[in-house]
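A.B. asks: The structure that follows is given in the form of structure tokens.
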Amino acid sequence: MNYNEFLSETLEKLEKVSSERELAELKATIFGKNGAITELMKKLKDLPPDQKPQAGKAINDLRVQLVEKCEQKEKELHKAKIEAALKSECIDLSIDKCDCHSGAVHPINQVRKKLTDYFVGNGYIVYDSPEIETDYYNFQALNIPPDHPARDMQDTFFIGNGILLRSQTSSGQVRLMEKYKPPLKMICPGRVFRNDDDSTHSPVFHQMEGLVVDKNVTLCDLKGALEGFAKFIFGDQTKIRFRPSYFPFTEPSVEVDVSCFKCHGKGCRVCKNTGWIEILGAGMVNRKVLENCGIDPDEYHGFAFGVGLDRIAMIQCSIDDIKLMWDNDVRFLRQFR
Ligand code: DAH
């Protein structure tokens with residue numbers, strides 16, 4: 001073989017190579033197991049001894065030159081590949097912004113998050129309880145037996161066979177107390193369902209249940225917890241008041257009002273000129289409920305409360321129709337960014 005001819009032919013081929021794959025293929029024909037250089041090396045042994053050193057040197061020079069040229073080509077291809085990638089993946093920061101809108105957290109979620117922050121900051125755990133419930137957890141264990149008149153307070157969706165859509169997050173109290181031993185401090189936020197439908201009621205709405213069970217828990221502790229919560233939500237100057245009420249699962253039971261955050265008690269549209277806004281129901285956990293959950297009512301006491309999240313959102317954002325919160329009209333939602 002004429003080495004010079006072979007060299008110039010190979011370099012010509014190398015010149016035309018345009019991809020890493022093509023280069024690998026060409027390299028195989030030169031340096032591979034049956035490649036040209038390998039073949040030349042093999043043939044060396046057949047040469048007369050006096051020609052061997054010279055031929056060996058010539059083949060080696062040829063090999064070194066080709067290796068060098070191939071490495072050079074490899075670098076060129078690599079550089080071209082990076083340049084192509086940089087070009088195709090480049091982000092044009094000067095491009096005009098698209099006409100997109102950022103979303104807003106729904107007012108109910110804003111309230112839920114704020115309340116959760118407050119209670120978690122005060123050592124409460126967040127407990128998730130099922131939306132599809134049995135009559136036992138939603139009513140009976142909460143001291144509301146079948147035919148109890150208190151059932152009329154909540155027009156419940158029964159699915160059948162003792163199964164219903166929970167009408168109150170209070171069912172979470174029972175599930176928690178059955179599962180864990182006191183001391184307990186929990187909130188249970190979630191959706192509840194009632195057959196109610198007007199401008200201030202929706203068949204689906206949101207509540208947050210609160211429960212504390214420990215030794216020596218009193219009504220004063222309940223008042224302290226709710227006062228802190230009211231100040232956190234409505235501002236430092238907010239006062240609360242308890243009015244006697246009735247819930248089968250608490251004894252005594254109270255309804256809790258906060259001083260109006262708009263007029264600070266003078267009387268305005270928000271508080272319907274009373275200076276007070278009703279925000280939740282609460283009380284000391286009824287002995288029977290503790291007993292139903294296997295907790296000794298002589299050793300432990302508890303308080304509980306239930307807040308309507310939609311109601312708080314409506315009061316705070318001056319929303320007078322609950323349906324607006326379900327329409328998901330972005331013009332409405334954008335106002336609460
Ligand atoms: N579950 C009640 C309701 O939906 C609200 C409530 C009242 C919850 C008093 C409580 C409570 O935990 O102690 O109307």
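Just so we're on the same page: first chain in the structure tokens is A, next is B, and so on; residues restart at 1 for each chain, and ligands are numbered from 1 in the order they show up.
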Would you please give, as a ChimeraX atom specification, all residues of stretch 100-231 of chain A that DSSP assigns to alpha helix (DSSP H) based on the backbone?

C.D. replies: /A:107-121,135-138,171-179,219-231

A.B. asks: As a PyMOL selection string, please: every protein or nucleic acid residue near ligand 1 (cut-off 10 Å, counting only C-alpha atoms and all ligand atoms).

C.D. replies: chain A and resi 138-139+142+153-154+166-173+192-194+206-211+245-256+280-286+302-308

A.B. asks: For A:Leu44, list every protein, DNA or RNA residue within 12 Å, evaluated using only C-alpha atoms, and leave out those in the same chain fewer than 6 positions away; present the list as a list in words.

C.D. replies: Ile37, Thr38, Asp50, Gln51, Lys52, Pro53, Gln54, Ala55, Gly56, Lys57, Ala58, Ile59 and Asn60 of chain A

A.B. asks: As an exercise, work out the distance from atom CA of A:Ile82 to atom CA of A:Glu22 in Å and give it to one decimal place.

C.D. replies: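 Between atom CA of A:Ile82 and atom CA of A:Glu22 the gap is 17.7 Å.
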
A.B. asks: Set the distance at 10 Å and use only C-alpha atoms: which residues neighbour stretch 159-161 of chain A once local chain neighbours fewer than 5 positions away are removed? I'd like the list as a VMD selection string.

C.D. replies: chain A and resid 132 to 135

A.B. asks: In Å to one decimal, how far is atom CA of A:Arg175 from atom CA of A:Glu291?

C.D. replies: 13.3 Å

A.B. asks: What lies within 10 Å of A:Asp321 using only C-alpha atoms, ignoring chain neighbours under 3 positions off, as number ranges by chain?

C.D. replies: A: 198-202, 314, 318, 324-326

A.B. asks: Write out as number ranges by chain the set of residues from stretch 50-243 of chain A that DSSP, computed on the backbone, places in strand (DSSP E or B).

C.D. replies: A: 125-126, 132-134, 158-160, 163-165, 184-193, 198, 201, 204-214, 240-243

A.B. asks: Hey, which of A:Lys239, A:Lys266, A:Lys223, A:Arg112 ends up closest to A:Arg191? Count only C-alpha atoms.

C.D. replies: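 Distance minimum relative to A:Arg191 lands on A:Arg112.
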
A.B. asks: One decimal, Å: what's the distance from atom CA of A:Asp214 over to atom CA of A:Gly235, could you say?

C.D. replies: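 Between atom CA of A:Asp214 and atom CA of A:Gly235 the gap works out to 29.0 Å.
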
A.B. asks: Select, from A:Ile295, A:Leu40, A:Cys70, A:Leu184, the residue with the minimum atom-to-atom distance to A:Ala24, counting only C-alpha atoms.

C.D. replies: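 Going through A:Ile295, A:Leu40, A:Cys70, A:Leu184 one by one, the smallest distance to A:Ala24 is for A:Cys70.
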
A.B. asks: Any idea what's packed within 10 Å of A:Val330, counting only C-alpha atoms, ignoring anything in its chain fewer than 5 positions away? Could you give it as a short mmCIF file (atom, residue, chain, number, x, y, z; two decimals) with N, CA and C atoms, in the first residue's frame?

C.D. replies:
```
data_model
loop_
_atom_site.label_atom_id
_atom_site.label_comp_id
_atom_site.auth_asym_id
_atom_site.auth_seq_id
_atom_site.Cartn_x
_atom_site.Cartn_y
_atom_site.Cartn_z
N HIS A 101 -52.61 35.63 33.37
CA HIS A 101 -52.97 36.21 34.66
C HIS A 101 -52.58 35.26 35.77
N GLY A 103 -53.17 33.58 39.40
CA GLY A 103 -54.39 33.27 40.12
C GLY A 103 -54.40 33.91 41.50
N ALA A 104 -55.44 33.58 42.28
CA ALA A 104 -55.54 34.10 43.65
C ALA A 104 -56.03 32.97 44.53
N GLN A 335 -60.51 39.89 43.23
CA GLN A 335 -60.63 40.96 44.21
C GLN A 335 -59.96 40.61 45.55
#
```

A.B. asks: What lies within 10 Å of A:Asn122 using only C-alpha atoms, ignoring chain neighbours under 5 positions off, as a list in words?

C.D. replies: Thr116, Asp117, Lys185, Ala225, Gly228 and Phe229 of chain A

A.B. asks: Any chance you can output those residues with all heavy atoms as a short mmCIF file (atom, residue, chain, number, x, y, z; two decimals), in the first residue's frame?

C.D. replies:
```
data_model
loop_
_atom_site.label_atom_id
_atom_site.label_comp_id
_atom_site.auth_asym_id
_atom_site.auth_seq_id
_atom_site.Cartn_x
_atom_site.Cartn_y
_atom_site.Cartn_z
N THR A 116 -55.70 27.71 60.46
CA THR A 116 -54.79 26.58 60.68
C THR A 116 -53.46 27.08 61.23
O THR A 116 -52.93 26.51 62.19
CB THR A 116 -54.57 25.81 59.35
OG1 THR A 116 -55.84 25.41 58.85
CG2 THR A 116 -53.72 24.57 59.57
N ASP A 117 -52.95 28.16 60.65
CA ASP A 117 -51.68 28.73 61.14
C ASP A 117 -51.78 29.06 62.63
O ASP A 117 -50.89 28.77 63.41
CB ASP A 117 -51.35 30.04 60.39
CG ASP A 117 -50.72 29.76 59.04
OD1 ASP A 117 -50.41 28.59 58.77
OD2 ASP A 117 -50.54 30.72 58.26
N LYS A 185 -55.11 17.79 71.34
CA LYS A 185 -55.36 19.15 70.86
C LYS A 185 -55.42 19.06 69.35
O LYS A 185 -54.40 18.79 68.71
CB LYS A 185 -54.19 20.08 71.22
CG LYS A 185 -54.33 20.81 72.53
CD LYS A 185 -53.09 21.65 72.77
CE LYS A 185 -53.44 23.12 72.84
NZ LYS A 185 -52.30 23.97 73.18
N ALA A 225 -58.64 30.39 74.50
CA ALA A 225 -58.27 29.91 73.16
C ALA A 225 -59.02 30.71 72.10
O ALA A 225 -58.43 31.13 71.09
CB ALA A 225 -58.58 28.42 73.03
N GLY A 228 -57.86 34.47 71.76
CA GLY A 228 -56.61 34.56 70.99
C GLY A 228 -56.89 34.41 69.51
O GLY A 228 -56.37 35.16 68.68
N PHE A 229 -57.73 33.46 69.18
CA PHE A 229 -58.07 33.19 67.78
C PHE A 229 -58.80 34.39 67.17
O PHE A 229 -58.48 34.84 66.06
CB PHE A 229 -58.92 31.90 67.75
CG PHE A 229 -59.97 31.84 66.70
CD1 PHE A 229 -59.62 31.59 65.38
CD2 PHE A 229 -61.31 31.97 67.02
CE1 PHE A 229 -60.60 31.52 64.39
CE2 PHE A 229 -62.29 31.90 66.05
CZ PHE A 229 -61.92 31.68 64.72
#
```
